[in-house]
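Peer 1: This is the structure I have questions about; it appears just below.
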There are 2 protein chains.
Amino acid sequence: MKLSELKSAAEVHDEVLTSPEAKAERDRTAFAHDVALRVISYRATHQLSQSALARQLGMKQPAIARLEAGDHEPSLSTLSRLARGLNIDFHVDVTPNSLELRA
Amino acid sequence: MKLSELKSAAEVHDEVLTSPEAKAERDRTAFAHDVALRVISYRATHQLSQSALARQLGMKQPAIARLEAGDHEPSLSTLSRLARGLNIDFHVDVTPNSLELRA
DNA sequence: CCGCACGATAACACGTGTGTTATCGCCGGA
DNA sequence: TCCGGCGATAACACACGTGTTATCGTGCGG
């Protein structure tokens, strides 16, 4: 075992303070919610039903409903699919203590 | 890998024109490769072994090796974990025809 | 009242990214 | 030469996001 494989006291201290699991969970749902809002507002401004939007994206209506529910974090491949199908951009900022969707 | 094994620009161009799926695949692996480079260069500048970095991130050495191989598209939760553990930022641009990691 | 579009939800299968253990080959120092 | 860490890889289990079908309730137009 080498010294470089040991955690420094500062690192351990940071872990105690930040409670990474709880924060990760908060960010996860917040991000999902932001993506949901993008989909919802697109559908509103384009006057589309969930079924119509699903057709436009090559998906089924329940998939859209699930996205708009914002209950789980969309994958990057799903974001890519949305960007293509809706002709919009997503800009994601991943920082040491947040996961955000930028305008 | 030898130069002769690489596709020419013309061949890649044809793929984009003829097969949208091929482009999605290219973006996926290119993105994975970019993330891999970030991890590799961090580890190089900080003089860490894969095992040491794994420990710093709460992972095992093979997980780091897999990340650096760049064969899978990292999930957003993995990116968050890297950002937290390495104290770096990732900025992801998702547009209708590309998935890029910005500097 | 009836029918139909709409949106939400449940249930299930499936792909893929991740976590982990166990090795393997390689190389550098004692 | 032997032994140590290092990095790659295989093999497996598992979590999670996704695709899909089948409903169910609601509300509106006929």
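Within each chain, counting starts at residue 1; across the structure tokens, chains are named A, B, ... in the order shown, with ligands numbered 1 upward in that order.
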Please, which residues in chain C fall within 8 Å of chain A when counting only C-alpha atoms (C1' of nucleotides), and what is the closest atom pair and distance in Å to one decimal for each, ordered by chain then residue number, as a Markdown table?

Peer 2:
```
| residue | atom | partner | partner_atom | distance |
| --- | --- | --- | --- | --- |
| C:DC6 | C1' | A:Ser49 | CA | 7.4 |
| C:DG7 | C1' | A:Ala65 | CA | 7.2 |
| C:DA8 | C1' | A:Ala65 | CA | 7.2 |
```

Peer 1: Give me, as number ranges by chain, the residues of chain D touching chain A, with the criterion being at most 10 Å (counting only C-alpha atoms (C1' of nucleotides)).

Peer 2: D: 5, 16-20

Peer 1: Could you please take those selected residues and save N, CA and C atoms (P, O5', C5', C4', C3', O3' and C1' of nucleotides) as a short mmCIF file (atom, residue, chain, number, x, y, z; two decimals), in the first residue's frame?

Peer 2:
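Wrote again13.cif, looks like this:
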```
data_model
loop_
_atom_site.label_atom_id
_atom_site.label_comp_id
_atom_site.auth_asym_id
_atom_site.auth_seq_id
_atom_site.Cartn_x
_atom_site.Cartn_y
_atom_site.Cartn_z
P DG D 5 2.43 -3.96 -3.58
"O5'" DG D 5 2.38 -2.90 -4.78
"C5'" DG D 5 3.23 -1.75 -4.75
"C4'" DG D 5 3.26 -1.12 -6.13
"C3'" DG D 5 1.90 -0.59 -6.61
"O3'" DG D 5 2.07 0.66 -7.26
"C1'" DG D 5 2.74 -2.17 -8.16
P DC D 16 -30.96 2.49 -8.56
"O5'" DC D 16 -31.15 3.01 -10.05
"C5'" DC D 16 -30.00 3.43 -10.75
"C4'" DC D 16 -30.35 3.64 -12.21
"C3'" DC D 16 -31.71 4.29 -12.41
"O3'" DC D 16 -31.55 5.30 -13.38
"C1'" DC D 16 -31.55 2.36 -13.73
P DG D 17 -32.47 6.64 -13.41
"O5'" DG D 17 -32.69 6.82 -14.98
"C5'" DG D 17 -31.58 6.70 -15.83
"C4'" DG D 17 -31.99 6.15 -17.17
"C3'" DG D 17 -33.27 6.76 -17.74
"O3'" DG D 17 -33.01 7.17 -19.07
"C1'" DG D 17 -33.42 4.40 -17.76
P DT D 18 -34.15 7.87 -19.94
"O5'" DT D 18 -34.71 6.65 -20.79
"C5'" DT D 18 -33.82 5.88 -21.59
"C4'" DT D 18 -34.54 4.70 -22.19
"C3'" DT D 18 -35.83 5.05 -22.94
"O3'" DT D 18 -35.66 4.73 -24.30
"C1'" DT D 18 -36.09 3.14 -21.54
P DG D 19 -36.89 4.92 -25.32
"O5'" DG D 19 -37.57 3.48 -25.32
"C5'" DG D 19 -36.90 2.39 -25.95
"C4'" DG D 19 -37.89 1.27 -26.25
"C3'" DG D 19 -39.18 1.74 -26.93
"O3'" DG D 19 -39.57 0.77 -27.91
"C1'" DG D 19 -39.71 0.73 -24.84
P DT D 20 -40.83 1.06 -28.79
"O5'" DT D 20 -41.99 0.31 -27.99
"C5'" DT D 20 -41.81 -1.08 -27.69
"C4'" DT D 20 -42.96 -1.59 -26.86
"C3'" DT D 20 -44.34 -1.09 -27.31
"O3'" DT D 20 -45.00 -2.15 -27.96
"C1'" DT D 20 -44.09 -1.12 -24.91
#
```

Peer 1: Distance cut-off 7 Å, counting only C-alpha atoms - which residues of chain A neighbour chain B? Return them as JSON, numbers by chain.

Peer 2: {"A": [4, 5, 7, 75, 79, 80, 83, 84, 87, 88, 89, 90, 91, 92, 93, 94, 95, 96, 97, 99]}

Peer 1: I need the residues from that last selection saved to file as a tab-separated table (two decimals), in the first residue's frame (with N, CA and C atoms), if you can.

Peer 2:
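Saved as result-v8.tsv:
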```
chain	number	residue	atom	x	y	z
A	4	SER	N	-0.06	7.37	-1.63
A	4	SER	CA	-0.98	8.01	-2.59
A	4	SER	C	-2.34	7.33	-2.61
A	5	GLU	N	-2.43	6.16	-2.01
A	5	GLU	CA	-3.71	5.48	-2.02
A	5	GLU	C	-4.54	5.77	-0.77
A	7	LYS	N	-6.58	8.34	1.78
A	7	LYS	CA	-7.29	9.61	1.76
A	7	LYS	C	-6.61	10.59	2.71
A	75	SER	N	-31.22	10.07	-19.74
A	75	SER	CA	-29.88	9.73	-20.18
A	75	SER	C	-29.42	10.71	-21.25
A	79	LEU	N	-31.50	12.82	-24.19
A	79	LEU	CA	-31.35	14.25	-24.45
A	79	LEU	C	-31.01	14.50	-25.91
A	80	SER	N	-30.16	13.66	-26.46
A	80	SER	CA	-29.79	13.78	-27.87
A	80	SER	C	-31.01	13.57	-28.75
A	83	ALA	N	-33.13	16.65	-28.55
A	83	ALA	CA	-32.52	17.76	-29.28
A	83	ALA	C	-32.78	17.62	-30.78
A	84	ARG	N	-32.65	16.40	-31.29
A	84	ARG	CA	-32.89	16.16	-32.71
A	84	ARG	C	-34.35	16.36	-33.06
A	87	ASN	N	-35.51	19.93	-32.33
A	87	ASN	CA	-34.60	20.94	-32.86
A	87	ASN	C	-34.26	22.00	-31.82
A	88	ILE	N	-33.87	21.54	-30.67
A	88	ILE	CA	-33.47	22.45	-29.59
A	88	ILE	C	-32.11	22.02	-29.05
A	89	ASP	N	-31.51	22.86	-28.23
A	89	ASP	CA	-30.23	22.54	-27.61
A	89	ASP	C	-30.39	22.34	-26.11
A	90	PHE	N	-29.55	21.49	-25.56
A	90	PHE	CA	-29.43	21.38	-24.11
A	90	PHE	C	-27.98	21.68	-23.74
A	91	HIS	N	-27.82	22.50	-22.73
A	91	HIS	CA	-26.48	22.77	-22.23
A	91	HIS	C	-26.41	22.36	-20.77
A	92	VAL	N	-25.61	21.36	-20.51
A	92	VAL	CA	-25.54	20.78	-19.17
A	92	VAL	C	-24.24	21.19	-18.49
A	93	ASP	N	-24.36	21.73	-17.29
A	93	ASP	CA	-23.19	22.07	-16.50
A	93	ASP	C	-23.05	21.08	-15.35
A	94	VAL	N	-21.94	20.34	-15.38
A	94	VAL	CA	-21.67	19.38	-14.30
A	94	VAL	C	-20.51	19.92	-13.49
A	95	THR	N	-20.79	20.33	-12.27
A	95	THR	CA	-19.77	20.90	-11.40
A	95	THR	C	-19.67	20.06	-10.12
A	96	PRO	N	-18.63	20.31	-9.33
A	96	PRO	CA	-18.42	19.50	-8.12
A	96	PRO	C	-19.64	19.44	-7.20
A	97	ASN	N	-20.47	20.45	-7.21
A	97	ASN	CA	-21.65	20.33	-6.34
A	97	ASN	C	-22.96	20.73	-6.98
A	99	LEU	N	-25.63	19.72	-10.71
A	99	LEU	CA	-25.89	19.24	-12.07
A	99	LEU	C	-27.03	20.08	-12.61
```

Peer 1: Please provide the set of residues having any atom within 12 Å of C:DA30, restricted to only C-alpha atoms (C1' of nucleotides), with same-chain residues fewer than 2 positions apart removed, written as number ranges by chain.

Peer 2: C: 28; D: 1-4

Peer 1: Could you save the residues just selected, with N, CA and C atoms (P, O5', C5', C4', C3', O3' and C1' of nucleotides), as a PDB file, in the first residue's frame?

Peer 2:
```
ATOM      1  P    DG C  28      10.674  -0.297 -17.050  1.00  0.00           P
ATOM      2  O5'  DG C  28      10.942  -0.163 -15.489  1.00  0.00           O
ATOM      3  C5'  DG C  28       9.985   0.515 -14.658  1.00  0.00           C
ATOM      4  C4'  DG C  28      10.388   0.378 -13.207  1.00  0.00           C
ATOM      5  C3'  DG C  28      11.878   0.590 -12.933  1.00  0.00           C
ATOM      6  O3'  DG C  28      12.047   1.241 -11.681  1.00  0.00           O
ATOM      7  C1'  DG C  28      11.297  -1.657 -12.427  1.00  0.00           C
TER       8       DG C  28
ATOM      9  P    DT D   1      16.520 -15.163 -14.692  1.00  0.00           P
ATOM     10  O5'  DT D   1      16.720 -16.076 -13.408  1.00  0.00           O
ATOM     11  C5'  DT D   1      17.683 -15.524 -12.454  1.00  0.00           C
ATOM     12  C4'  DT D   1      16.960 -15.277 -11.144  1.00  0.00           C
ATOM     13  C3'  DT D   1      15.425 -15.431 -11.208  1.00  0.00           C
ATOM     14  O3'  DT D   1      14.973 -15.915  -9.946  1.00  0.00           O
ATOM     15  C1'  DT D   1      15.934 -13.243 -10.596  1.00  0.00           C
ATOM     16  P    DC D   2      13.659 -16.782  -9.799  1.00  0.00           P
ATOM     17  O5'  DC D   2      12.933 -15.964  -8.643  1.00  0.00           O
ATOM     18  C5'  DC D   2      13.688 -15.591  -7.483  1.00  0.00           C
ATOM     19  C4'  DC D   2      13.064 -14.367  -6.819  1.00  0.00           C
ATOM     20  C3'  DC D   2      11.537 -14.416  -6.746  1.00  0.00           C
ATOM     21  O3'  DC D   2      11.146 -14.009  -5.439  1.00  0.00           O
ATOM     22  C1'  DC D   2      12.227 -12.408  -7.783  1.00  0.00           C
ATOM     23  P    DC D   3       9.649 -14.291  -4.926  1.00  0.00           P
ATOM     24  O5'  DC D   3       9.126 -12.790  -4.731  1.00  0.00           O
ATOM     25  C5'  DC D   3       9.957 -11.843  -4.069  1.00  0.00           C
ATOM     26  C4'  DC D   3       9.419 -10.440  -4.293  1.00  0.00           C
ATOM     27  C3'  DC D   3       7.890 -10.356  -4.208  1.00  0.00           C
ATOM     28  O3'  DC D   3       7.533  -9.211  -3.445  1.00  0.00           O
ATOM     29  C1'  DC D   3       8.638  -9.478  -6.264  1.00  0.00           C
ATOM     30  P    DG D   4       6.114  -9.131  -2.725  1.00  0.00           P
ATOM     31  O5'  DG D   4       5.557  -7.703  -3.155  1.00  0.00           O
ATOM     32  C5'  DG D   4       6.317  -6.527  -2.838  1.00  0.00           C
ATOM     33  C4'  DG D   4       6.039  -5.456  -3.875  1.00  0.00           C
ATOM     34  C3'  DG D   4       4.555  -5.314  -4.212  1.00  0.00           C
ATOM     35  O3'  DG D   4       3.975  -4.299  -3.403  1.00  0.00           O
ATOM     36  C1'  DG D   4       5.902  -5.400  -6.203  1.00  0.00           C
TER      37       DG D   4
END
```

Peer 1: What is the atom C1' of C:DC2-atom C1' of D:DG30 distance in Å, reported with one decimal?

Peer 2: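 Answer for the atom C1' of C:DC2 to atom C1' of D:DG30 separation: 8.3 Å.
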
Peer 1: Can you pull out the residues contacting stretch 34-43 of chain A? Cut-off 6 Å, using only C-alpha atoms (C1' of nucleotides), and skip same-chain residues under 5 positions away; I want them as an NGL selection string.

Peer 2: :A and (48 or 67-68 or 70)
